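Participant: Enclosed is the structure file run_11.tsv (TSV, N, CA and C atoms).
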chain	number	residue	atom	x	y	z
I	286	MET	N	-4.65	-8.23	27.51
I	286	MET	CA	-3.96	-8.24	28.79
I	286	MET	C	-3.41	-6.83	29.07
I	287	ASN	N	-3.64	-6.34	30.26
I	287	ASN	CA	-3.15	-5.02	30.65
I	287	ASN	C	-1.68	-5.11	31.01
I	288	THR	N	-0.86	-4.32	30.33
I	288	THR	CA	0.58	-4.34	30.59
I	288	THR	C	1.04	-3.10	31.34
I	289	LEU	N	0.09	-2.23	31.72
I	289	LEU	CA	0.45	-1.01	32.46
I	289	LEU	C	0.44	-1.27	33.95
I	290	LEU	N	1.50	-0.84	34.61
I	290	LEU	CA	1.57	-0.95	36.06
I	290	LEU	C	1.06	0.33	36.71
I	291	SER	N	1.50	1.47	36.17
I	291	SER	CA	1.05	2.75	36.72
I	291	SER	C	1.26	3.86	35.70
I	292	VAL	N	0.55	4.97	35.94
I	292	VAL	CA	0.73	6.18	35.12
I	292	VAL	C	0.92	7.35	36.06
I	293	GLU	N	1.73	8.32	35.61
I	293	GLU	CA	1.99	9.50	36.42
I	293	GLU	C	2.02	10.73	35.52
I	294	ALA	N	1.21	11.72	35.85
I	294	ALA	CA	1.20	12.98	35.10
I	294	ALA	C	2.39	13.81	35.56
I	295	ARG	N	3.31	14.07	34.64
I	295	ARG	CA	4.46	14.92	34.92
I	295	ARG	C	4.28	16.26	34.21
I	296	GLU	N	5.22	17.15	34.39
I	296	GLU	CA	5.10	18.50	33.83
I	296	GLU	C	4.94	18.50	32.31
I	297	THR	N	5.78	17.74	31.63
I	297	THR	CA	5.77	17.78	30.16
I	297	THR	C	5.29	16.50	29.50
I	298	ALA	N	5.00	15.47	30.30
I	298	ALA	CA	4.66	14.18	29.69
I	298	ALA	C	3.90	13.29	30.66
I	299	LEU	N	3.30	12.25	30.09
I	299	LEU	CA	2.68	11.19	30.88
I	299	LEU	C	3.70	10.07	31.01
I	300	ALA	N	4.07	9.74	32.24
I	300	ALA	CA	5.02	8.66	32.48
I	300	ALA	C	4.22	7.38	32.69
I	301	VAL	N	4.46	6.39	31.84
I	301	VAL	CA	3.77	5.11	31.92
I	301	VAL	C	4.79	4.05	32.31
I	302	THR	N	4.50	3.36	33.41
I	302	THR	CA	5.36	2.26	33.85
I	302	THR	C	4.66	0.96	33.51
I	303	PHE	N	5.37	0.11	32.77
I	303	PHE	CA	4.83	-1.18	32.35
I	303	PHE	C	5.16	-2.24	33.40
I	304	VAL	N	4.46	-3.37	33.34
I	304	VAL	CA	4.70	-4.43	34.32
I	304	VAL	C	6.13	-4.95	34.25
I	305	SER	N	6.81	-4.73	33.13
I	305	SER	CA	8.21	-5.14	32.98
I	305	SER	C	9.15	-4.27	33.81
I	306	GLY	N	8.62	-3.13	34.32
I	306	GLY	CA	9.44	-2.19	35.08
I	306	GLY	C	9.92	-1.01	34.25
I	307	GLU	N	9.80	-1.11	32.95
I	307	GLU	CA	10.22	-0.02	32.05
I	307	GLU	C	9.25	1.15	32.16
I	308	THR	N	9.79	2.37	32.24
I	308	THR	CA	8.97	3.58	32.25
I	308	THR	C	9.24	4.35	30.97
I	309	VAL	N	8.16	4.72	30.29
I	309	VAL	CA	8.24	5.48	29.04
I	309	VAL	C	7.45	6.76	29.22
I	310	CYS	N	8.02	7.88	28.79
I	310	CYS	CA	7.34	9.17	28.86
I	310	CYS	C	6.78	9.54	27.50
I	311	TYR	N	5.48	9.84	27.48
I	311	TYR	CA	4.78	10.24	26.27
I	311	TYR	C	4.45	11.73	26.41
I	312	PRO	N	5.09	12.60	25.62
I	312	PRO	CA	4.84	14.05	25.73
I	312	PRO	C	3.36	14.38	25.49
I	313	TRP	N	2.87	15.39	26.22
I	313	TRP	CA	1.45	15.76	26.15
I	313	TRP	C	1.03	16.10	24.73
I	314	LEU	N	1.81	16.93	24.05
I	314	LEU	CA	1.44	17.34	22.70
I	314	LEU	C	1.41	16.14	21.76
I	315	TRP	N	2.35	15.22	21.92
I	315	TRP	CA	2.36	14.01	21.11
I	315	TRP	C	1.12	13.17	21.38
I	316	LEU	N	0.74	13.04	22.64
I	316	LEU	CA	-0.47	12.28	22.97
I	316	LEU	C	-1.70	12.88	22.32
I	317	LYS	N	-1.83	14.20	22.39
I	317	LYS	CA	-2.99	14.86	21.78
I	317	LYS	C	-3.01	14.63	20.27
I	318	ASP	N	-1.85	14.69	19.65
I	318	ASP	CA	-1.74	14.53	18.20
I	318	ASP	C	-1.98	13.09	17.75
I	319	ASN	N	-1.69	12.12	18.60
I	319	ASN	CA	-1.82	10.71	18.24
I	319	ASN	C	-2.97	10.00	18.94
I	320	ALA	N	-3.81	10.76	19.62
I	320	ALA	CA	-4.96	10.17	20.31
I	320	ALA	C	-5.87	9.45	19.33
I	321	PRO	N	-6.53	8.38	19.77
I	321	PRO	CA	-7.47	7.69	18.88
I	321	PRO	C	-8.51	8.62	18.26
I	322	SER	N	-8.93	9.64	18.99
I	322	SER	CA	-9.94	10.56	18.46
I	322	SER	C	-9.38	11.51	17.40
I	323	ALA	N	-8.06	11.53	17.22
I	323	ALA	CA	-7.44	12.41	16.23
I	323	ALA	C	-7.51	11.84	14.82
I	324	PHE	N	-8.09	10.64	14.69
I	324	PHE	CA	-8.16	9.96	13.40
I	324	PHE	C	-9.60	9.58	13.08
I	325	HIS	N	-9.94	9.64	11.80
I	325	HIS	CA	-11.27	9.24	11.36
I	325	HIS	C	-11.44	7.74	11.63
I	326	PRO	N	-12.57	7.31	12.20
I	326	PRO	CA	-12.73	5.91	12.59
I	326	PRO	C	-12.72	4.91	11.42
I	327	GLN	N	-13.12	5.33	10.24
I	327	GLN	CA	-13.16	4.40	9.11
I	327	GLN	C	-11.95	4.54	8.20
I	328	THR	N	-11.59	5.75	7.86
I	328	THR	CA	-10.49	5.95	6.91
I	328	THR	C	-9.13	6.03	7.59
I	329	GLU	N	-9.12	6.22	8.90
I	329	GLU	CA	-7.90	6.40	9.69
I	329	GLU	C	-7.10	7.62	9.25
I	330	GLU	N	-7.79	8.55	8.58
I	330	GLU	CA	-7.16	9.81	8.18
I	330	GLU	C	-7.09	10.73	9.38
I	331	ARG	N	-5.99	11.46	9.50
I	331	ARG	CA	-5.84	12.39	10.61
I	331	ARG	C	-6.87	13.51	10.48
I	332	THR	N	-7.62	13.75	11.55
I	332	THR	CA	-8.63	14.81	11.56
I	332	THR	C	-8.24	15.94	12.51
I	333	PHE	N	-7.24	15.72	13.32
I	333	PHE	CA	-6.80	16.71	14.29
I	333	PHE	C	-5.74	17.62	13.68
I	334	ASP	N	-5.87	18.91	13.87
I	334	ASP	CA	-4.90	19.88	13.37
I	334	ASP	C	-3.97	20.28	14.51
I	335	LEU	N	-2.76	19.79	14.47
I	335	LEU	CA	-1.78	20.04	15.53
I	335	LEU	C	-1.52	21.52	15.74
I	336	THR	N	-1.62	22.30	14.67
I	336	THR	CA	-1.35	23.73	14.80
I	336	THR	C	-2.48	24.48	15.50
I	337	SER	N	-3.57	23.78	15.80
I	337	SER	CA	-4.71	24.43	16.45
I	337	SER	C	-4.59	24.49	17.97
I	338	VAL	N	-3.54	23.89	18.53
I	338	VAL	CA	-3.38	23.90	19.99
I	338	VAL	C	-2.06	24.55	20.38
I	339	ASP	N	-2.05	25.07	21.58
I	339	ASP	CA	-0.85	25.69	22.14
I	339	ASP	C	0.19	24.59	22.41
I	340	PRO	N	1.45	24.79	22.01
I	340	PRO	CA	2.48	23.78	22.26
I	340	PRO	C	2.68	23.45	23.74
I	341	SER	N	2.24	24.34	24.63
I	341	SER	CA	2.39	24.07	26.07
I	341	SER	C	1.16	23.35	26.64
I	342	LEU	N	0.39	22.69	25.78
I	342	LEU	CA	-0.81	21.97	26.19
I	342	LEU	C	-0.54	21.04	27.37
I	343	ARG	N	-1.42	21.08	28.35
I	343	ARG	CA	-1.36	20.19	29.52
I	343	ARG	C	-2.77	19.67	29.79
I	344	PRO	N	-2.87	18.51	30.41
I	344	PRO	CA	-4.20	18.00	30.74
I	344	PRO	C	-4.73	18.64	32.02
I	345	ILE	N	-6.05	18.63	32.14
I	345	ILE	CA	-6.68	19.06	33.39
I	345	ILE	C	-6.65	17.92	34.39
I	346	SER	N	-6.89	16.70	33.87
I	346	SER	CA	-6.86	15.54	34.75
I	346	SER	C	-6.43	14.30	33.98
I	347	VAL	N	-5.85	13.35	34.73
I	347	VAL	CA	-5.42	12.06	34.19
I	347	VAL	C	-5.92	10.99	35.15
I	348	ARG	N	-6.62	10.00	34.61
I	348	ARG	CA	-7.13	8.91	35.46
I	348	ARG	C	-6.67	7.56	34.92
I	349	ASP	N	-6.09	6.76	35.80
I	349	ASP	CA	-5.74	5.39	35.45
I	349	ASP	C	-6.98	4.54	35.69
I	350	ARG	N	-7.53	3.97	34.61
I	350	ARG	CA	-8.75	3.18	34.75
I	350	ARG	C	-8.48	1.70	34.55
I	351	GLY	N	-7.27	1.28	34.78
I	351	GLY	CA	-6.94	-0.14	34.65
I	351	GLY	C	-6.57	-0.50	33.22
I	352	SER	N	-7.57	-0.74	32.39
I	352	SER	CA	-7.30	-1.14	31.01
I	352	SER	C	-7.20	0.06	30.07
I	353	ALA	N	-7.31	1.26	30.62
I	353	ALA	CA	-7.23	2.49	29.81
I	353	ALA	C	-6.80	3.65	30.70
I	354	VAL	N	-6.38	4.72	30.05
I	354	VAL	CA	-6.04	5.96	30.74
I	354	VAL	C	-6.96	7.04	30.20
I	355	GLY	N	-7.64	7.74	31.10
I	355	GLY	CA	-8.52	8.82	30.70
I	355	GLY	C	-7.84	10.16	30.89
I	356	ILE	N	-7.88	11.00	29.86
I	356	ILE	CA	-7.26	12.32	29.92
I	356	ILE	C	-8.29	13.37	29.52
I	357	VAL	N	-8.41	14.41	30.35
I	357	VAL	CA	-9.23	15.57	30.00
I	357	VAL	C	-8.26	16.70	29.70
I	358	TRP	N	-8.36	17.24	28.47
I	358	TRP	CA	-7.46	18.29	28.03
I	358	TRP	C	-8.04	19.66	28.34
I	359	GLN	N	-7.15	20.66	28.40
I	359	GLN	CA	-7.59	22.05	28.52
I	359	GLN	C	-8.51	22.35	27.34
I	360	ASN	N	-9.59	23.08	27.59
I	360	ASN	CA	-10.56	23.48	26.57
I	360	ASN	C	-11.39	22.33	26.01
I	361	ASP	N	-11.28	21.12	26.56
I	361	ASP	CA	-12.13	20.00	26.15
I	361	ASP	C	-13.05	19.64	27.30
I	362	GLN	N	-14.24	19.22	26.98
I	362	GLN	CA	-15.19	18.83	28.02
I	362	GLN	C	-15.15	17.33	28.28
I	363	ALA	N	-14.96	16.56	27.22
I	363	ALA	CA	-15.04	15.10	27.34
I	363	ALA	C	-13.68	14.50	27.68
I	364	GLU	N	-13.75	13.39	28.38
I	364	GLU	CA	-12.53	12.65	28.70
I	364	GLU	C	-12.12	11.81	27.49
I	365	GLU	N	-10.87	11.89	27.14
I	365	GLU	CA	-10.32	11.11	26.02
I	365	GLU	C	-9.77	9.81	26.58
I	366	GLU	N	-10.12	8.69	25.96
I	366	GLU	CA	-9.68	7.39	26.46
I	366	GLU	C	-8.54	6.84	25.61
I	367	PHE	N	-7.46	6.46	26.28
I	367	PHE	CA	-6.32	5.82	25.64
I	367	PHE	C	-6.23	4.39	26.15
I	368	PRO	N	-6.58	3.40	25.34
I	368	PRO	CA	-6.48	2.00	25.79
I	368	PRO	C	-5.03	1.66	26.13
I	369	SER	N	-4.83	0.74	27.07
I	369	SER	CA	-3.47	0.38	27.46
I	369	SER	C	-2.67	-0.13	26.27
I	370	GLN	N	-3.34	-0.76	25.30
I	370	GLN	CA	-2.66	-1.27	24.11
I	370	GLN	C	-2.04	-0.13	23.29
I	371	PHE	N	-2.64	1.06	23.36
I	371	PHE	CA	-2.10	2.23	22.66
I	371	PHE	C	-0.66	2.48	23.13
I	372	PHE	N	-0.46	2.51	24.43
I	372	PHE	CA	0.88	2.79	24.98
I	372	PHE	C	1.84	1.65	24.66
I	373	GLU	N	1.33	0.43	24.72
I	373	GLU	CA	2.15	-0.73	24.40
I	373	GLU	C	2.65	-0.66	22.95
I	374	SER	N	1.77	-0.27	22.04
I	374	SER	CA	2.15	-0.25	20.63
I	374	SER	C	3.14	0.87	20.29
I	375	TYR	N	3.24	1.88	21.15
I	375	TYR	CA	4.17	2.99	20.91
I	375	TYR	C	5.39	2.94	21.83
I	376	ARG	N	5.67	1.80	22.41
I	376	ARG	CA	6.88	1.69	23.22
I	376	ARG	C	8.10	1.79	22.33
I	377	PRO	N	9.16	2.45	22.78
I	377	PRO	CA	10.38	2.55	21.97
I	377	PRO	C	10.92	1.18	21.61
I	378	GLY	N	11.41	1.06	20.38
I	378	GLY	CA	11.98	-0.20	19.93
I	378	GLY	C	10.97	-1.16	19.34
I	379	ARG	N	9.69	-0.80	19.35
I	379	ARG	CA	8.65	-1.65	18.78
I	379	ARG	C	8.38	-1.21	17.35
I	380	LYS	N	8.45	-2.13	16.43
I	380	LYS	CA	8.17	-1.80	15.03
I	380	LYS	C	6.66	-1.75	14.83
I	381	ARG	N	6.20	-0.67	14.20
I	381	ARG	CA	4.78	-0.51	13.90
I	381	ARG	C	4.41	-1.38	12.70
I	382	ASP	N	3.20	-1.90	12.69
I	382	ASP	CA	2.70	-2.65	11.54
I	382	ASP	C	2.59	-1.72	10.34
I	383	ASP	N	3.01	-2.22	9.20
I	383	ASP	CA	2.93	-1.45	7.96
I	383	ASP	C	2.13	-2.26	6.95
I	384	PRO	N	0.89	-1.84	6.65
I	384	PRO	CA	0.07	-2.61	5.72
I	384	PRO	C	0.66	-2.67	4.32
I	385	ALA	N	1.57	-1.77	4.00
I	385	ALA	CA	2.20	-1.78	2.67
I	385	ALA	C	3.43	-2.67	2.62
I	386	ASP	N	3.79	-3.26	3.75
I	386	ASP	CA	4.98	-4.11	3.82
I	386	ASP	C	4.59	-5.52	3.35
I	387	ILE	N	4.63	-5.72	2.04
I	387	ILE	CA	4.28	-7.02	1.47
I	387	ILE	C	5.49	-7.56	0.72
I	388	ALA	N	5.57	-8.86	0.65
I	388	ALA	CA	6.70	-9.48	-0.04
I	388	ALA	C	6.60	-9.21	-1.54
I	389	PRO	N	7.70	-8.83	-2.16
I	389	PRO	CA	7.66	-8.59	-3.60
I	389	PRO	C	7.51	-9.90	-4.37
I	390	LYS	N	6.86	-9.83	-5.53
I	390	LYS	CA	6.78	-10.97	-6.44
I	390	LYS	C	7.78	-10.69	-7.56
I	391	LEU	N	8.92	-11.31	-7.44
I	391	LEU	CA	10.00	-11.05	-8.38
I	391	LEU	C	9.84	-11.85	-9.66
I	392	TRP	N	10.26	-11.27	-10.76
I	392	TRP	CA	10.27	-11.96	-12.04
I	392	TRP	C	11.62	-12.65	-12.19
I	393	ASP	N	11.58	-13.80	-12.83
I	393	ASP	CA	12.83	-14.48	-13.14
I	393	ASP	C	12.70	-15.09	-14.53
I	394	ALA	N	13.61	-15.95	-14.90
I	394	ALA	CA	13.62	-16.51	-16.25
I	394	ALA	C	12.41	-17.40	-16.52
I	395	SER	N	11.71	-17.84	-15.47
I	395	SER	CA	10.56	-18.72	-15.69
I	395	SER	C	9.31	-17.97	-16.14
I	396	VAL	N	9.31	-16.65	-16.11
I	396	VAL	CA	8.15	-15.86	-16.53
I	396	VAL	C	8.02	-15.92	-18.05
I	397	ASP	N	6.82	-16.27	-18.51
I	397	ASP	CA	6.55	-16.31	-19.95
I	397	ASP	C	6.17	-14.90	-20.40
I	398	LEU	N	7.07	-14.22	-21.06
I	398	LEU	CA	6.85	-12.84	-21.46
I	398	LEU	C	5.70	-12.69	-22.44
I	399	GLU	N	5.33	-13.76	-23.13
I	399	GLU	CA	4.22	-13.69	-24.09
I	399	GLU	C	2.86	-13.63	-23.39
I	400	THR	N	2.78	-14.04	-22.12
I	400	THR	CA	1.48	-14.06	-21.42
I	400	THR	C	1.25	-12.81	-20.58
I	401	ILE	N	2.21	-11.91	-20.51
I	401	ILE	CA	2.03	-10.68	-19.75
I	401	ILE	C	1.10	-9.76	-20.54
I	402	PRO	N	0.00	-9.30	-19.92
I	402	PRO	CA	-0.92	-8.42	-20.65
I	402	PRO	C	-0.23	-7.12	-21.07
I	403	ARG	N	-0.50	-6.70	-22.30
I	403	ARG	CA	0.07	-5.46	-22.83
I	403	ARG	C	-1.06	-4.63	-23.42
I	404	HIS	N	-0.99	-3.32	-23.19
I	404	HIS	CA	-2.01	-2.40	-23.69
I	404	HIS	C	-1.33	-1.12	-24.15
I	405	ALA	N	-1.89	-0.52	-25.16
I	405	ALA	CA	-1.37	0.75	-25.67
I	405	ALA	C	-1.84	1.88	-24.76
I	406	ALA	N	-0.93	2.73	-24.32
I	406	ALA	CA	-1.26	3.81	-23.40
I	406	ALA	C	-2.32	4.73	-23.97
I	407	GLY	N	-2.26	5.02	-25.25
I	407	GLY	CA	-3.25	5.89	-25.88
I	407	GLY	C	-4.65	5.32	-25.80
I	408	ASP	N	-4.78	4.00	-25.99
I	408	ASP	CA	-6.10	3.36	-25.90
I	408	ASP	C	-6.67	3.48	-24.48
I	409	ILE	N	-5.82	3.30	-23.50
I	409	ILE	CA	-6.26	3.38	-22.10
I	409	ILE	C	-6.73	4.79	-21.77
I	410	LEU	N	-6.04	5.78	-22.28
I	410	LEU	CA	-6.42	7.17	-22.01
I	410	LEU	C	-7.73	7.55	-22.69
I	411	GLN	N	-8.05	6.92	-23.80
I	411	GLN	CA	-9.24	7.29	-24.57
I	411	GLN	C	-10.48	6.50	-24.20
I	412	SER	N	-10.33	5.32	-23.60
I	412	SER	CA	-11.49	4.45	-23.39
I	412	SER	C	-11.47	3.79	-22.02
I	413	ASP	N	-12.58	3.92	-21.29
I	413	ASP	CA	-12.69	3.23	-20.00
I	413	ASP	C	-12.70	1.72	-20.18
I	414	ALA	N	-13.26	1.25	-21.28
I	414	ALA	CA	-13.29	-0.19	-21.55
I	414	ALA	C	-11.88	-0.74	-21.67
I	415	ASP	N	-11.01	0.01	-22.34
I	415	ASP	CA	-9.62	-0.42	-22.47
I	415	ASP	C	-8.88	-0.30	-21.13
I	416	LEU	N	-9.30	0.65	-20.32
I	416	LEU	CA	-8.67	0.84	-19.01
I	416	LEU	C	-8.87	-0.38	-18.12
I	417	VAL	N	-10.04	-0.98	-18.13
I	417	VAL	CA	-10.33	-2.12	-17.25
I	417	VAL	C	-10.09	-3.46	-17.93
I	418	ALA	N	-9.60	-3.45	-19.15
I	418	ALA	CA	-9.37	-4.70	-19.89
I	418	ALA	C	-8.22	-5.47	-19.28
Any chance you could give the structure as structure tokens?

Facilitator:
Amino acid sequence: MNTLLSVEARETALAVTFVSGETVCYPWLWLKDNAPSAFHPQTEERTFDLTSVDPSLRPISVRDRGSAVGIVWQNDQAEEEFPSQFFESYRPGRKRDDPADIAPKLWDASVDLETIPRHAAGDILQSDADLVA
């Protein structure tokens, strides 16, 4: 579902107004640094070097395409697409998903200490077989 009502290119930021009436400004340099194309598609590792662009970076054009916003940056030929969900996920006050946020498995008195696997550190360092045991 598209939650964007309108977008406006301002001097230092892209102003996005949501259907709720809230307007959030996303600075140009931040958008370039967090664009979907700034990350490897499989590993999600950052591939964009923020120090490679001028801090006064501005777009050449901004197009509201309904379910996405297209931005053409200075010195870029292709239009960069930002899905509307991108802006929704970065709204202030929204907690980002953290894949490492898992519930701990706590030990208590019911844990049988005799069944916990134990290995000598020296054996693990010397043998791959002991490492995977």

Participant: Fewer than 4 positions away in the same chain doesn't count, so skip those; otherwise give me all residues within 8 Å of Gly351 in chain I, counting all atoms listed in the file, as a PyMOL selection string.

Facilitator: chain I and resi 287-289+355+368-369

Participant: For the selection just defined, write its residues with N, CA and C atoms to a file, as a PDB file, in the coordinates of the input.

Facilitator:
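The resulting file, again_0.pdb, is shown below:
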ATOM      1  N   ASN I 287      -3.640  -6.340  30.260  1.00  0.00           N
ATOM      2  CA  ASN I 287      -3.150  -5.020  30.650  1.00  0.00           C
ATOM      3  C   ASN I 287      -1.680  -5.110  31.010  1.00  0.00           C
ATOM      4  N   THR I 288      -0.860  -4.320  30.330  1.00  0.00           N
ATOM      5  CA  THR I 288       0.580  -4.340  30.590  1.00  0.00           C
ATOM      6  C   THR I 288       1.040  -3.100  31.340  1.00  0.00           C
ATOM      7  N   LEU I 289       0.090  -2.230  31.720  1.00  0.00           N
ATOM      8  CA  LEU I 289       0.450  -1.010  32.460  1.00  0.00           C
ATOM      9  C   LEU I 289       0.440  -1.270  33.950  1.00  0.00           C
ATOM     10  N   GLY I 355      -7.640   7.740  31.100  1.00  0.00           N
ATOM     11  CA  GLY I 355      -8.520   8.820  30.700  1.00  0.00           C
ATOM     12  C   GLY I 355      -7.840  10.160  30.890  1.00  0.00           C
ATOM     13  N   PRO I 368      -6.580   3.400  25.340  1.00  0.00           N
ATOM     14  CA  PRO I 368      -6.480   2.000  25.790  1.00  0.00           C
ATOM     15  C   PRO I 368      -5.030   1.660  26.130  1.00  0.00           C
ATOM     16  N   SER I 369      -4.830   0.740  27.070  1.00  0.00           N
ATOM     17  CA  SER I 369      -3.470   0.380  27.460  1.00  0.00           C
ATOM     18  C   SER I 369      -2.670  -0.130  26.270  1.00  0.00           C
TER      19      SER I 369
END

Participant: May I ask for the distance between CA of Leu335 in chain I and CA of Asp383 in chain I, given in Å to one decimal place?

Facilitator: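 CA of Asp383 in chain I lies 23.3 Å from CA of Leu335 in chain I.
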
Participant: So how many Å separate CA of Leu290 in chain I and atom C of Val304 in chain I, to one decimal?

Facilitator: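 Atom C of Val304 in chain I lies at a distance of 6.3 Å from CA of Leu290 in chain I.
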
Participant: Can you list, as a ChimeraX atom specification, every residue of chain I that DSSP puts in strand (DSSP E or B)?

Facilitator: /I:289-294,298-303,308-312,324,331,344-349,353-358,365-368

Participant: Using all atoms listed in the file, which residue out of I:Glu366, I:Glu307, I:Asp334, I:Glu293 lies closest to Pro321 in chain I?

Facilitator: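 Ranking I:Glu366, I:Glu307, I:Asp334, I:Glu293 by distance to Pro321 in chain I, first place goes to I:Glu366.
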